[in-house]
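Everything below concerns the one structure shown next.
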Amino acid sequence: MVRLTPRHCAGDVVGPVFWLRWSWRGLRQRFVQVIAIAAIIALGSGIYAGLGSTSVWRTQSLNVSFSSLHAHDLEVQPVAGLALPTRTLLTAVRSAGGASLSAVEARLVTDLPVRAGPDGTIPAAGVIVGVDLAKGVHIDRWKVTGGGTIGSADATGTQVLLDEHFAAQHHLPPKGELWIADVRVRYVGTMLSPEYLNTTSTLGGVIQGAATRAVIVAPLSLAQRLASQPGQVNDVVALVRHGVSVEHVATQLSQQLGRSTLPIATTVSVRRDSLLTQSLYGEVVSEQKVFSVFALLILLGAGFAAFNLTRRFVEAQRRDLGIAMSLGVPRSRIAVRPLALALEVAVAGVVLGVAAGWGIGQWVVAILKVKVPLPVWQSPWQAGLFVRAAVLGLAIPLAGSLYPVWRAVRTTPTDALIPPHLRTRRHRLLGLQRKTWMPGNTMTQAPLRRATIAPARSLMTILAIALVLAPLLAAFGATDSTTSTIQSGDQILSGGRGDRLLVSLESYQSAGSSVVTAVVGSKLVGASALGLSIGGYLIRGHTTVDVSIDMVDLGNPLAVPTSLATQRVQPGGIVISAKAASDLHVAQGGRITLRHPVAHGTGYRFADSVLPVRAVVASPYSFVAYMSLKDEPLMGLSGIVNTATVVPRHDVTMDRLQRSVSAIPGVAAALAASSLTSTMRDVLGGISNLFIILQVVIGLMALLVAYNSSKIGSDERVRENATMMAFGTTVRRVVLIEILESVLLGLVGIGLGIATGLLVLKWILATVFPAAIPELAVLESVRTTSYLITALIGVVATALAPLLGARRLRAMNLPDTLRYVE
Amino acid sequence: MIGLDSVSKRYVTPGGVVVALDNATLEIPSAVFVVVLGPSGSGKTTLLNMIGALDTPTEGVIDVAGQRVTEMSRSQLFAFRRQTVTFIFQAFNLFPELTALENVCFGAEIAGREDARAVAVQMLADVDLGHREHHFPHELSGGEQQRVAIARSLATGNPVLLADEPTGELDYRTGVQILGLLRARADAGQTVVLVTHNREIARMADLVVELADGRIISAGPTPDGPADPSTLRW
Ligand SMILES: Nc1ncnc2c1ncn2[C@@H]1O[C@H](COP(=O)(O)OP(=O)(O)OP(=O)(O)O)[C@@H](O)[C@H]1O
Ligand SMILES: [Mg+2]
């Protein structure tokens, strides 16, 4: 223990050493509380730094992943997935690109049904990437994540590599067997390819998620055999020489190829500009927006709580301020002790904040690594964010401690001497309180009186609780809303009636072709509906919405939602989703421009048609749209289909039908509608997982805030509690009064927090989410359990502190506490 | 009524051992007015705290109203404070959130009196604060606060009344009035132990105990019998 010996008093009584010693003595007494307040700052700034870094980390990791695995710059593809002899295509590209290209490789990319897992029980839409292992793969290399790899020795073999996304979704081992179009192959490892980092994609008109899409890297010869296209390729990837403009080369290449002698037209695309790449980076930015909103909200709550607590902490020493003022101590000296206290809180806050930031950051990265697996993950320390958080961590306690000093030195010493929890003596409420009748006796009234004696102070406590609980409810609400939206979307995807098998064909087929006949004519099929799935854009004013149009028989409940099938929708128009209707401000009966492909020679061109909106389906997904098959002429087509929806005959299982249809040559994928419901979950999964971090951190913070405010409250009340006990009030009774007071304020705080949380949620759903996931209309929905958990955390947090204080009360030294003359 | 047998209280502080009370033995019958005299720091408050079960002695036994205070359990101690003793603190210790009347009410209620509010109104009137019922402690003068504290203790009606310098803040006239109230309590059968360093007040006591340096240096009845409070002069 540090004691003041006469030596210190003998010299300069108000010297700095004296004041520092005084402050130091205070710190030792208040150590736990200093740490508890600092912990709030730490959590706030930690979450700010940890959640604030995700876009930097993910962008950097994406960049490094692309460059280290030599992701292609350019891709040349014959239209409509048509294939050409390897040498023909390669030579054409090489000669068209000339010296601008540093590397060129040809591949065969085909969609084929895949079954994986034990006995092939997991069906998937396969993307088979056949690569020339004999020459070695230098472009779009893969990162092995489990098992081994394949090399030149496997060029003519049947060993393949399986996509990590798919393997992880189904917990597949790093080595095993799978069936591609009913041919058994061995996969010897799992990998991540820079080309297939998107967890969702459209394939044959059906959206595929990580669970239903299996990317497989295979030797070129195997892929050619499986696709029945020996010696042929349909895809050339190229790297552009350093220092040469990729766009420039792309234009040049496309012009040269147009003039070449190739029998089929080709498209040249720049990877960096592709929709897939853009959406990868876009997702990073939009998800960061959501996190940033929450991080800021939490930081705000933590900042307010820390400011408020430091202020009360300092105010608890108002006697010292008042006495110092009466003795004429200069203001600068008066501020020394509160400042020293604030500095203790600030330093502890920053130190803990760096630790919390690092810990939360690691946690965020751990979740992201699972949710968004990348070939290379980098999560460098974001010094800038930490500095910002640290500055805040320093500033808040300083402001919180100077505020009461500033207020005190502007009043008279007598005013400064009034206990802070009574400082509202001129307040009208006090007049009200002395006249209003309250139920019960002095004992039962005590909690209410304590809570209302100083309204401003109670209000601060209420606000602190509310500000911490608001983001918690908003986070819960955001999770609930997305979950319930996905569920309503599931119902539409999986249809009202039983399960259906969605069949995608490898290419456009006439309705009478052998593939189509084989599918719909199968003995296992009970009923079927053919369709053409085609991409397009809905345009109205300046708004454009991407849609995937299902051209089907609009009266067939197999092909469209039941509610639509019963509406007898006429051809010559379009059916859009409720989300698209609201985005485009159009209703049933309105007119809208559809930009759609029209068959043109060997390729397509886009054309605009103005169509009436025939109906609006209650779908949260903006890309859902239907048209009648009878309207195919609009696209320059007639009797062409690329999808089929079939249901098994009554005595046939879904699995049997799936296996049988998958084996039909020309079928790209055949998946049960119910197996697709996980897809949109994948889209939103990343976000919801990180919400768990928010919930844990906010829960912790709520506990800390409640602990601190209630600890300070009971410190201020120590004499009253001692007096009550001197008159024989039991410890249990005193604790009960404190709990009731605390919970009373807590309940108001919870109510306010929930109300604020709902407002925040509405705002997030109205502004942040539409920007982050434009294709999904997330409808507000908060589960009862979310309200309950929020309220429970609030109640537990407020009631806990008095309970913890019971031990202190029991051990209180009554004579010492009571003797002290105030 | 109150019995102390070889009671000592020692505080161990970094600066050494402080003997606040040294081997005190004392017998106080019921329904008497006792004055404890002694200079500042002589151990008066310590003695009072011990009798009122706010503090436990380092050594010795204490009996109050037939109960052995020094052997009581926690809950017995709390019940003892509610029903047997009552305090008038040197530092008042009023509840800042309660009005004068409510503070007094608290005393009556905690002791389990049925007509608590009526008792409280009466007690407040007895200390001449009927017109201050709805004032909060910080709106009262020091002497007024002290009188509220006295009314609060009187309102309990408990058999042992322990008063620590109850007239310290009061002028002569008010002081005499308060002392008259306490005297009346003793006459009505309560045991009143009053701590003061004012020798004049000791004149109205049935019994005077004198402390110095934590030791009881004398204890006995006032030579000429208790004087009437109105005859005191200070
Ligand atoms: N907690 C403690 N630690 C150390 N010493 C203490 C403690 N409480 C009291 N003392 C000492 O015990 C002695 C007796 O204190 P007590 O309060 O009983 O005095 P008092 O006679 O009531 O004085 P006054 O008339 O000034 O109120 C004093 O010397 C005091 O310093
Ligand atoms: Mg004393």
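Just remember, in the structure tokens the first chain shown is A, the second B, etc., residues are 1-based per chain, and ligands are 1-based in the order shown.
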
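DSSP annotation of segment 91-166 of chain B from backbone atoms: strand (DSSP E) residues are Val160, Leu161, Leu162, Ala163 and Asp164 of chain B.
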
Write to file, as a PDB file, in the first residue's frame, the residues of the selection just made, with N, CA, C and O atoms.
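Contents of part18.pdb, as written:
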```pdb
ATOM      1  N   VAL B 160     -34.460  -0.587  23.114  1.00  0.00           N
ATOM      2  CA  VAL B 160     -33.151   0.023  23.381  1.00  0.00           C
ATOM      3  C   VAL B 160     -32.873   1.110  22.346  1.00  0.00           C
ATOM      4  O   VAL B 160     -32.830   0.846  21.146  1.00  0.00           O
ATOM      5  N   LEU B 161     -32.675   2.339  22.836  1.00  0.00           N
ATOM      6  CA  LEU B 161     -32.465   3.469  21.952  1.00  0.00           C
ATOM      7  C   LEU B 161     -31.024   3.945  22.093  1.00  0.00           C
ATOM      8  O   LEU B 161     -30.612   4.310  23.199  1.00  0.00           O
ATOM      9  N   LEU B 162     -30.261   3.900  21.024  1.00  0.00           N
ATOM     10  CA  LEU B 162     -28.846   4.273  21.077  1.00  0.00           C
ATOM     11  C   LEU B 162     -28.656   5.575  20.316  1.00  0.00           C
ATOM     12  O   LEU B 162     -28.897   5.645  19.117  1.00  0.00           O
ATOM     13  N   ALA B 163     -28.231   6.617  21.023  1.00  0.00           N
ATOM     14  CA  ALA B 163     -28.134   7.937  20.403  1.00  0.00           C
ATOM     15  C   ALA B 163     -26.703   8.455  20.454  1.00  0.00           C
ATOM     16  O   ALA B 163     -26.114   8.577  21.522  1.00  0.00           O
ATOM     17  N   ASP B 164     -26.145   8.716  19.265  1.00  0.00           N
ATOM     18  CA  ASP B 164     -24.763   9.183  19.178  1.00  0.00           C
ATOM     19  C   ASP B 164     -24.768  10.695  18.950  1.00  0.00           C
ATOM     20  O   ASP B 164     -25.081  11.155  17.852  1.00  0.00           O
TER      21      ASP B 164
END
```

Exercise answer, 10 Å around ligand 2 with only C-alpha atoms and all ligand atoms, as a PyMOL selection string: (chain A and resi 819) or (chain B and resi 38-49+89-91+164-165+195-197)

Ala53 of chain B surroundings by only C-alpha atoms, 9 Å radius, close-in-sequence under 6 positions cut, as a list in words: Ala726 of chain A; Val69, Thr70, Leu77, Phe78, Phe80, Arg81 and Val85 of chain B

With a cut-off of 9 Å, could you pull out the residues of chain A touching ligand 1 and give me the nearest pair of atoms for each, distance in Å to one decimal, using only C-alpha atoms and all ligand atoms, ordered by chain and ascending number, as JSON lines?
```
{"residue": "A:Asn813", "atom": "CA", "partner": "ligand 1", "partner_atom_place_in_ligand_line": "1 (N)", "distance": 8.5}
{"residue": "A:Pro815", "atom": "CA", "partner": "ligand 1", "partner_atom_place_in_ligand_line": "8 (N)", "distance": 7.7}
{"residue": "A:Asp816", "atom": "CA", "partner": "ligand 1", "partner_atom_place_in_ligand_line": "1 (N)", "distance": 5.8}
{"residue": "A:Arg819", "atom": "CA", "partner": "ligand 1", "partner_atom_place_in_ligand_line": "17 (O)", "distance": 7.4}
```

Interface residues on chain B facing chain A, 7 Å, only C-alpha atoms, written as a PyMOL selection string: chain B and resi 49+54-55+78-79+81-82+86+91+93+95+97+102+105-106+134

Could you take the residues named above and write them with N, CA, C and O atoms, as a PDB file, in the first residue's frame?
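Writing the result to selection33.pdb gives the following:
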```pdb
ATOM      1  N   ASN B  49     -21.880   1.042  18.888  1.00  0.00           N
ATOM      2  CA  ASN B  49     -21.977   0.116  17.750  1.00  0.00           C
ATOM      3  C   ASN B  49     -21.994  -1.327  18.221  1.00  0.00           C
ATOM      4  O   ASN B  49     -22.674  -2.176  17.647  1.00  0.00           O
ATOM      5  N   LEU B  54     -23.861  -3.541  15.453  1.00  0.00           N
ATOM      6  CA  LEU B  54     -23.332  -3.114  14.151  1.00  0.00           C
ATOM      7  C   LEU B  54     -21.916  -3.625  14.004  1.00  0.00           C
ATOM      8  O   LEU B  54     -21.385  -3.709  12.910  1.00  0.00           O
ATOM      9  N   ASP B  55     -21.313  -3.925  15.118  1.00  0.00           N
ATOM     10  CA  ASP B  55     -19.904  -4.280  15.140  1.00  0.00           C
ATOM     11  C   ASP B  55     -19.728  -5.432  16.120  1.00  0.00           C
ATOM     12  O   ASP B  55     -20.524  -5.588  17.045  1.00  0.00           O
ATOM     13  N   PHE B  78     -29.936  -9.462  12.262  1.00  0.00           N
ATOM     14  CA  PHE B  78     -30.812  -8.542  11.527  1.00  0.00           C
ATOM     15  C   PHE B  78     -32.135  -8.346  12.278  1.00  0.00           C
ATOM     16  O   PHE B  78     -32.631  -7.237  12.399  1.00  0.00           O
ATOM     17  N   ALA B  79     -32.679  -9.425  12.795  1.00  0.00           N
ATOM     18  CA  ALA B  79     -33.942  -9.333  13.533  1.00  0.00           C
ATOM     19  C   ALA B  79     -33.748  -8.499  14.800  1.00  0.00           C
ATOM     20  O   ALA B  79     -34.608  -7.698  15.170  1.00  0.00           O
ATOM     21  N   ARG B  81     -31.657  -6.059  15.209  1.00  0.00           N
ATOM     22  CA  ARG B  81     -31.598  -4.639  14.850  1.00  0.00           C
ATOM     23  C   ARG B  81     -32.978  -4.089  14.503  1.00  0.00           C
ATOM     24  O   ARG B  81     -33.257  -2.926  14.696  1.00  0.00           O
ATOM     25  N   ARG B  82     -33.822  -4.958  13.966  1.00  0.00           N
ATOM     26  CA  ARG B  82     -35.165  -4.484  13.619  1.00  0.00           C
ATOM     27  C   ARG B  82     -36.028  -4.293  14.851  1.00  0.00           C
ATOM     28  O   ARG B  82     -36.770  -3.333  14.941  1.00  0.00           O
ATOM     29  N   THR B  86     -32.349   0.554  18.315  1.00  0.00           N
ATOM     30  CA  THR B  86     -32.495   1.520  17.235  1.00  0.00           C
ATOM     31  C   THR B  86     -31.457   2.621  17.408  1.00  0.00           C
ATOM     32  O   THR B  86     -31.055   2.938  18.528  1.00  0.00           O
ATOM     33  N   ALA B  91     -23.749  10.732  12.229  1.00  0.00           N
ATOM     34  CA  ALA B  91     -23.746  11.283  10.873  1.00  0.00           C
ATOM     35  C   ALA B  91     -25.134  11.240  10.232  1.00  0.00           C
ATOM     36  O   ALA B  91     -25.246  11.237   9.014  1.00  0.00           O
ATOM     37  N   ASN B  93     -27.275   9.836   8.619  1.00  0.00           N
ATOM     38  CA  ASN B  93     -27.588   8.739   7.695  1.00  0.00           C
ATOM     39  C   ASN B  93     -29.055   8.664   7.306  1.00  0.00           C
ATOM     40  O   ASN B  93     -29.681   7.621   7.378  1.00  0.00           O
ATOM     41  N   PHE B  95     -32.101   8.724   4.477  1.00  0.00           N
ATOM     42  CA  PHE B  95     -32.187   8.268   3.091  1.00  0.00           C
ATOM     43  C   PHE B  95     -32.429   9.466   2.192  1.00  0.00           C
ATOM     44  O   PHE B  95     -33.466  10.132   2.321  1.00  0.00           O
ATOM     45  N   GLU B  97     -33.307   9.824  -0.837  1.00  0.00           N
ATOM     46  CA  GLU B  97     -34.432   9.828  -1.772  1.00  0.00           C
ATOM     47  C   GLU B  97     -35.769   9.889  -1.073  1.00  0.00           C
ATOM     48  O   GLU B  97     -36.797   9.937  -1.739  1.00  0.00           O
ATOM     49  N   GLU B 102     -41.202  10.243   5.120  1.00  0.00           N
ATOM     50  CA  GLU B 102     -40.948   8.869   4.684  1.00  0.00           C
ATOM     51  C   GLU B 102     -39.768   8.250   5.418  1.00  0.00           C
ATOM     52  O   GLU B 102     -39.767   7.057   5.711  1.00  0.00           O
ATOM     53  N   CYS B 105     -41.242   7.200   8.535  1.00  0.00           N
ATOM     54  CA  CYS B 105     -42.096   6.057   8.222  1.00  0.00           C
ATOM     55  C   CYS B 105     -41.280   4.767   8.143  1.00  0.00           C
ATOM     56  O   CYS B 105     -41.698   3.717   8.619  1.00  0.00           O
ATOM     57  N   PHE B 106     -40.133   4.908   7.509  1.00  0.00           N
ATOM     58  CA  PHE B 106     -39.261   3.746   7.336  1.00  0.00           C
ATOM     59  C   PHE B 106     -38.979   3.098   8.690  1.00  0.00           C
ATOM     60  O   PHE B 106     -39.059   1.872   8.835  1.00  0.00           O
ATOM     61  N   HIS B 134     -42.652  16.998   3.895  1.00  0.00           N
ATOM     62  CA  HIS B 134     -42.378  16.609   2.508  1.00  0.00           C
ATOM     63  C   HIS B 134     -41.073  17.161   1.978  1.00  0.00           C
ATOM     64  O   HIS B 134     -40.878  17.264   0.765  1.00  0.00           O
TER      65      HIS B 134
END
```

DSSP-assigned helix (DSSP H, G or I) members of segment 147-208 of chain B, reported as a VMD selection string: chain B and resid 147 to 156 172 to 187 199 to 202

Write the selection just made, keeping C-alpha atoms, as a PDB file, in the first residue's frame?
```pdb
ATOM      1  CA  ARG B 147     -34.204  15.771  14.348  1.00  0.00           C
ATOM      2  CA  VAL B 148     -35.564  13.664  11.477  1.00  0.00           C
ATOM      3  CA  ALA B 149     -32.979  11.020  12.364  1.00  0.00           C
ATOM      4  CA  ILE B 150     -34.159  11.155  15.991  1.00  0.00           C
ATOM      5  CA  ALA B 151     -37.827  10.906  14.967  1.00  0.00           C
ATOM      6  CA  ARG B 152     -36.968   7.917  12.775  1.00  0.00           C
ATOM      7  CA  SER B 153     -35.435   6.072  15.725  1.00  0.00           C
ATOM      8  CA  LEU B 154     -38.234   7.031  18.100  1.00  0.00           C
ATOM      9  CA  ALA B 155     -40.753   5.767  15.551  1.00  0.00           C
ATOM     10  CA  THR B 156     -39.439   2.215  15.828  1.00  0.00           C
ATOM     11  CA  TYR B 172     -30.006  24.997  23.353  1.00  0.00           C
ATOM     12  CA  ARG B 173     -33.787  25.231  23.188  1.00  0.00           C
ATOM     13  CA  THR B 174     -34.234  22.480  20.610  1.00  0.00           C
ATOM     14  CA  GLY B 175     -31.614  20.383  22.339  1.00  0.00           C
ATOM     15  CA  VAL B 176     -33.480  20.525  25.598  1.00  0.00           C
ATOM     16  CA  GLN B 177     -36.706  19.627  23.828  1.00  0.00           C
ATOM     17  CA  ILE B 178     -35.115  16.542  22.262  1.00  0.00           C
ATOM     18  CA  LEU B 179     -33.546  15.493  25.526  1.00  0.00           C
ATOM     19  CA  GLY B 180     -36.980  15.830  27.118  1.00  0.00           C
ATOM     20  CA  LEU B 181     -38.378  13.442  24.503  1.00  0.00           C
ATOM     21  CA  LEU B 182     -35.640  10.887  25.194  1.00  0.00           C
ATOM     22  CA  ARG B 183     -36.096  11.255  28.946  1.00  0.00           C
ATOM     23  CA  ALA B 184     -39.812  10.564  28.490  1.00  0.00           C
ATOM     24  CA  ARG B 185     -38.924   7.384  26.600  1.00  0.00           C
ATOM     25  CA  ALA B 186     -36.798   6.177  29.455  1.00  0.00           C
ATOM     26  CA  ASP B 187     -39.589   6.948  31.867  1.00  0.00           C
ATOM     27  CA  ARG B 199     -20.878  17.028  30.887  1.00  0.00           C
ATOM     28  CA  GLU B 200     -23.962  19.180  31.449  1.00  0.00           C
ATOM     29  CA  ILE B 201     -26.179  16.675  29.660  1.00  0.00           C
ATOM     30  CA  ALA B 202     -24.885  13.967  31.973  1.00  0.00           C
TER      31      ALA B 202
END
```

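Atom pair atom CA of Glu59 of chain B / atom CA of Ser8 of chain B: separated by 5.1 Å.
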
Contacts of segment 123-131 of chain A within 8 Å, only C-alpha atoms, excl. fewer than 3 positions in-chain, as a ChimeraX atom specification: /A:106-116,120,137,180,203,208,211-224,658,668-671
